[in-house]
Each structure stands twice: as C-alpha cells, then as structure tokens.
Amino acid sequence: MNWELWENKRVLITGICGTVGERIFEQLLDREPAEIIGIDNNESELFFLEEQCREHDNVNLHLCDVRDRENLKRRLEGVDIVLHTAALKHVMLCEKSPGDAVHTNIEGVRNVIAAAIEANVDRVLFTSSDKAVNPTNVMGTSKLMGERLLTAANARKRDENGPVFAS
C-alpha cells in the first residue's frame, strides 16, 4: 500500500470495530495521518477501542450508523479519505434479515456516496467481498450492488474536483 497517500490526511473509517475496519485502523495508526475518525454502530466495541486509543491524540471515535445519512454527513465534514468497511457480512444473518442487508450494504453505500460528494472528500475506498462475484445469496448480492453504486458514482463525476470512488 502507498502509505504516503495518508500523510497529513484526515481519514474516516466506517465500521471501524469490524474485522476489516479494525485491521485497516491498526495499520493506519502506525502511519500517523493528521487524524483518524472512526465510526461504528457497535457501542460496546467502540467504547473498548476508544479505551485502547487514549494515548493517540489523532484518533476520534464516534457512534454513527451508515444508515443515518445526516449523522454521516456531519462526520465527513473536513475529511480527505473515506475507507468504507461497514457492512453486514454474515451470509446466514443476511439471509434471515434481507431488509437489514439492503439498508446497510446498499443504502449505507448510497449514504456514504452522498455524504462524500457533499463534503467534497478526495476519495472513497470501498471494501467488498469475494461473495459479490456471481452472488448466490443476499449478502453477496447486496455487496455487489454496493460495488455497482460506487462504480456509477465515479462514472457520473462531471468535474475533476469531486471524489474518486473505488472498490
């Protein structure tokens, strides 16, 4: 990974308490960007992560759900790079609760896109899943739709000043 990209940047990680978000956070923490803003809807894990990060002045963690577009917009103000890792990722849970998978994995991506455009961030990087390739379940299908939304957002850019969207 090109770590120079992160120097002096304000980076926001959605789903910072999840498996992927936390791992990216750990790697980014060593690179000391100007600020790491982490959001998650898991209150308990967010609390524990905040306790671990007390000595890092450049880390700010907030309770926020990507389903809440207005709160998300507030959190993205002044952010340079968004790492969107928040998602429902368990196949069986998504099969049992397809509406929640749609709200988080599709509407959540739409909210991130809208907030990023409004906040004029530099770039949005979206983590997806191998299950999004030829999906056979709700989780894979919803992640594929997220990828397609990011691709469409990047293709719709009319000027070079808007965010770069990639998955």
# chains A, B, ... in the order shown; residues from 1 in each chain; ligands from 1
$ residues_around --residues "Met145 in chain A" --least-positions-apart "2" --cutoff "12 Å" --atoms "only C-alpha atoms" --output "number ranges by chain"
A: 101-110, 126, 128-129, 131-135, 138-143, 147-152, 167
$ select_by_dssp --residues "chain A" --states "strand (DSSP E)" --output "ChimeraX atom specification"
/A:10-14,35-40,59-63,81-84,123-126,164-166
$ closest_residue --among "A:Glu26, A:Leu93, A:Asp122, A:Ile39" --to "Gln52 in chain A" --atoms "only C-alpha atoms"
A:Glu26
$ atom_distance --atom1 "CA of Thr19 in chain A" --atom2 "CA of Pro33 in chain A"
20.9 Å
$ closest_residue --among "A:Leu61, A:Glu51, A:His56, A:Glu95" --to "Thr136 in chain A" --atoms "only C-alpha atoms"
A:Glu95
$ closest_residue --among "A:Glu43, A:Asp65, A:Glu55, A:Asp30" --to "Thr14 in chain A" --atoms "only C-alpha atoms"
A:Asp65
$ closest_residue --among "A:Ser97, A:Asn71, A:Asn58, A:Thr85" --to "Cys17 in chain A" --atoms "only C-alpha atoms"
A:Thr85
$ decode --residues "range 118-143 of chain A" --atoms "N, CA and C atoms" --output "PDB file, in the first residue's frame"
ATOM      1  N   GLU A 118     -21.134  15.703  -0.891  1.00  0.00           N
ATOM      2  CA  GLU A 118     -21.471  16.941  -0.190  1.00  0.00           C
ATOM      3  C   GLU A 118     -20.275  17.510   0.569  1.00  0.00           C
ATOM      4  N   ALA A 119     -19.476  16.634   1.188  1.00  0.00           N
ATOM      5  CA  ALA A 119     -18.308  17.081   1.965  1.00  0.00           C
ATOM      6  C   ALA A 119     -17.085  17.311   1.075  1.00  0.00           C
ATOM      7  N   ASN A 120     -17.190  16.949  -0.203  1.00  0.00           N
ATOM      8  CA  ASN A 120     -16.095  17.102  -1.160  1.00  0.00           C
ATOM      9  C   ASN A 120     -14.811  16.425  -0.688  1.00  0.00           C
ATOM     10  N   VAL A 121     -14.922  15.171  -0.260  1.00  0.00           N
ATOM     11  CA  VAL A 121     -13.733  14.408   0.129  1.00  0.00           C
ATOM     12  C   VAL A 121     -12.914  14.098  -1.126  1.00  0.00           C
ATOM     13  N   ASP A 122     -11.655  13.757  -0.940  1.00  0.00           N
ATOM     14  CA  ASP A 122     -10.789  13.445  -2.088  1.00  0.00           C
ATOM     15  C   ASP A 122     -11.113  12.095  -2.707  1.00  0.00           C
ATOM     16  N   ARG A 123     -11.281  11.083  -1.835  1.00  0.00           N
ATOM     17  CA  ARG A 123     -11.536   9.738  -2.349  1.00  0.00           C
ATOM     18  C   ARG A 123     -12.287   8.888  -1.345  1.00  0.00           C
ATOM     19  N   VAL A 124     -13.023   7.925  -1.903  1.00  0.00           N
ATOM     20  CA  VAL A 124     -13.758   6.940  -1.107  1.00  0.00           C
ATOM     21  C   VAL A 124     -13.318   5.571  -1.595  1.00  0.00           C
ATOM     22  N   LEU A 125     -12.804   4.758  -0.676  1.00  0.00           N
ATOM     23  CA  LEU A 125     -12.395   3.392  -0.992  1.00  0.00           C
ATOM     24  C   LEU A 125     -13.343   2.439  -0.274  1.00  0.00           C
ATOM     25  N   PHE A 126     -13.943   1.548  -1.017  1.00  0.00           N
ATOM     26  CA  PHE A 126     -14.972   0.641  -0.518  1.00  0.00           C
ATOM     27  C   PHE A 126     -14.435  -0.781  -0.497  1.00  0.00           C
ATOM     28  N   THR A 127     -14.582  -1.455   0.643  1.00  0.00           N
ATOM     29  CA  THR A 127     -14.175  -2.860   0.698  1.00  0.00           C
ATOM     30  C   THR A 127     -15.384  -3.721   0.374  1.00  0.00           C
ATOM     31  N   SER A 128     -15.186  -4.689  -0.487  1.00  0.00           N
ATOM     32  CA  SER A 128     -16.281  -5.561  -0.857  1.00  0.00           C
ATOM     33  C   SER A 128     -15.980  -6.977  -0.415  1.00  0.00           C
ATOM     34  N   SER A 129     -16.385  -7.951  -1.194  1.00  0.00           N
ATOM     35  CA  SER A 129     -16.265  -9.351  -0.800  1.00  0.00           C
ATOM     36  C   SER A 129     -16.157 -10.226  -2.031  1.00  0.00           C
ATOM     37  N   ASP A 130     -15.448 -11.326  -1.888  1.00  0.00           N
ATOM     38  CA  ASP A 130     -15.404 -12.285  -2.988  1.00  0.00           C
ATOM     39  C   ASP A 130     -16.785 -12.876  -3.248  1.00  0.00           C
ATOM     40  N   LYS A 131     -17.673 -12.794  -2.267  1.00  0.00           N
ATOM     41  CA  LYS A 131     -19.035 -13.316  -2.437  1.00  0.00           C
ATOM     42  C   LYS A 131     -19.875 -12.437  -3.356  1.00  0.00           C
ATOM     43  N   ALA A 132     -19.355 -11.232  -3.709  1.00  0.00           N
ATOM     44  CA  ALA A 132     -20.051 -10.345  -4.628  1.00  0.00           C
ATOM     45  C   ALA A 132     -19.850 -10.761  -6.083  1.00  0.00           C
ATOM     46  N   VAL A 133     -18.929 -11.686  -6.333  1.00  0.00           N
ATOM     47  CA  VAL A 133     -18.701 -12.194  -7.684  1.00  0.00           C
ATOM     48  C   VAL A 133     -19.693 -13.328  -7.926  1.00  0.00           C
ATOM     49  N   ASN A 134     -20.547 -13.162  -8.916  1.00  0.00           N
ATOM     50  CA  ASN A 134     -21.595 -14.149  -9.198  1.00  0.00           C
ATOM     51  C   ASN A 134     -22.340 -14.532  -7.916  1.00  0.00           C
ATOM     52  N   PRO A 135     -22.982 -13.557  -7.262  1.00  0.00           N
ATOM     53  CA  PRO A 135     -23.599 -13.822  -5.961  1.00  0.00           C
ATOM     54  C   PRO A 135     -24.743 -14.826  -6.037  1.00  0.00           C
ATOM     55  N   THR A 136     -24.815 -15.636  -4.988  1.00  0.00           N
ATOM     56  CA  THR A 136     -25.893 -16.623  -4.891  1.00  0.00           C
ATOM     57  C   THR A 136     -26.709 -16.415  -3.620  1.00  0.00           C
ATOM     58  N   ASN A 137     -26.445 -15.309  -2.919  1.00  0.00           N
ATOM     59  CA  ASN A 137     -27.155 -15.062  -1.665  1.00  0.00           C
ATOM     60  C   ASN A 137     -27.358 -13.564  -1.492  1.00  0.00           C
ATOM     61  N   VAL A 138     -28.129 -13.205  -0.473  1.00  0.00           N
ATOM     62  CA  VAL A 138     -28.474 -11.806  -0.204  1.00  0.00           C
ATOM     63  C   VAL A 138     -27.228 -10.989   0.102  1.00  0.00           C
ATOM     64  N   MET A 139     -26.349 -11.516   0.925  1.00  0.00           N
ATOM     65  CA  MET A 139     -25.155 -10.760   1.298  1.00  0.00           C
ATOM     66  C   MET A 139     -24.320 -10.435   0.063  1.00  0.00           C
ATOM     67  N   GLY A 140     -24.027 -11.424  -0.752  1.00  0.00           N
ATOM     68  CA  GLY A 140     -23.222 -11.199  -1.951  1.00  0.00           C
ATOM     69  C   GLY A 140     -23.893 -10.246  -2.921  1.00  0.00           C
ATOM     70  N   THR A 141     -25.198 -10.403  -3.093  1.00  0.00           N
ATOM     71  CA  THR A 141     -25.939  -9.525  -3.993  1.00  0.00           C
ATOM     72  C   THR A 141     -25.919  -8.085  -3.491  1.00  0.00           C
ATOM     73  N   SER A 142     -26.095  -7.900  -2.195  1.00  0.00           N
ATOM     74  CA  SER A 142     -26.102  -6.541  -1.640  1.00  0.00           C
ATOM     75  C   SER A 142     -24.711  -5.904  -1.733  1.00  0.00           C
ATOM     76  N   LYS A 143     -23.665  -6.685  -1.551  1.00  0.00           N
ATOM     77  CA  LYS A 143     -22.304  -6.147  -1.688  1.00  0.00           C
ATOM     78  C   LYS A 143     -22.006  -5.818  -3.159  1.00  0.00           C
TER      79      LYS A 143
END
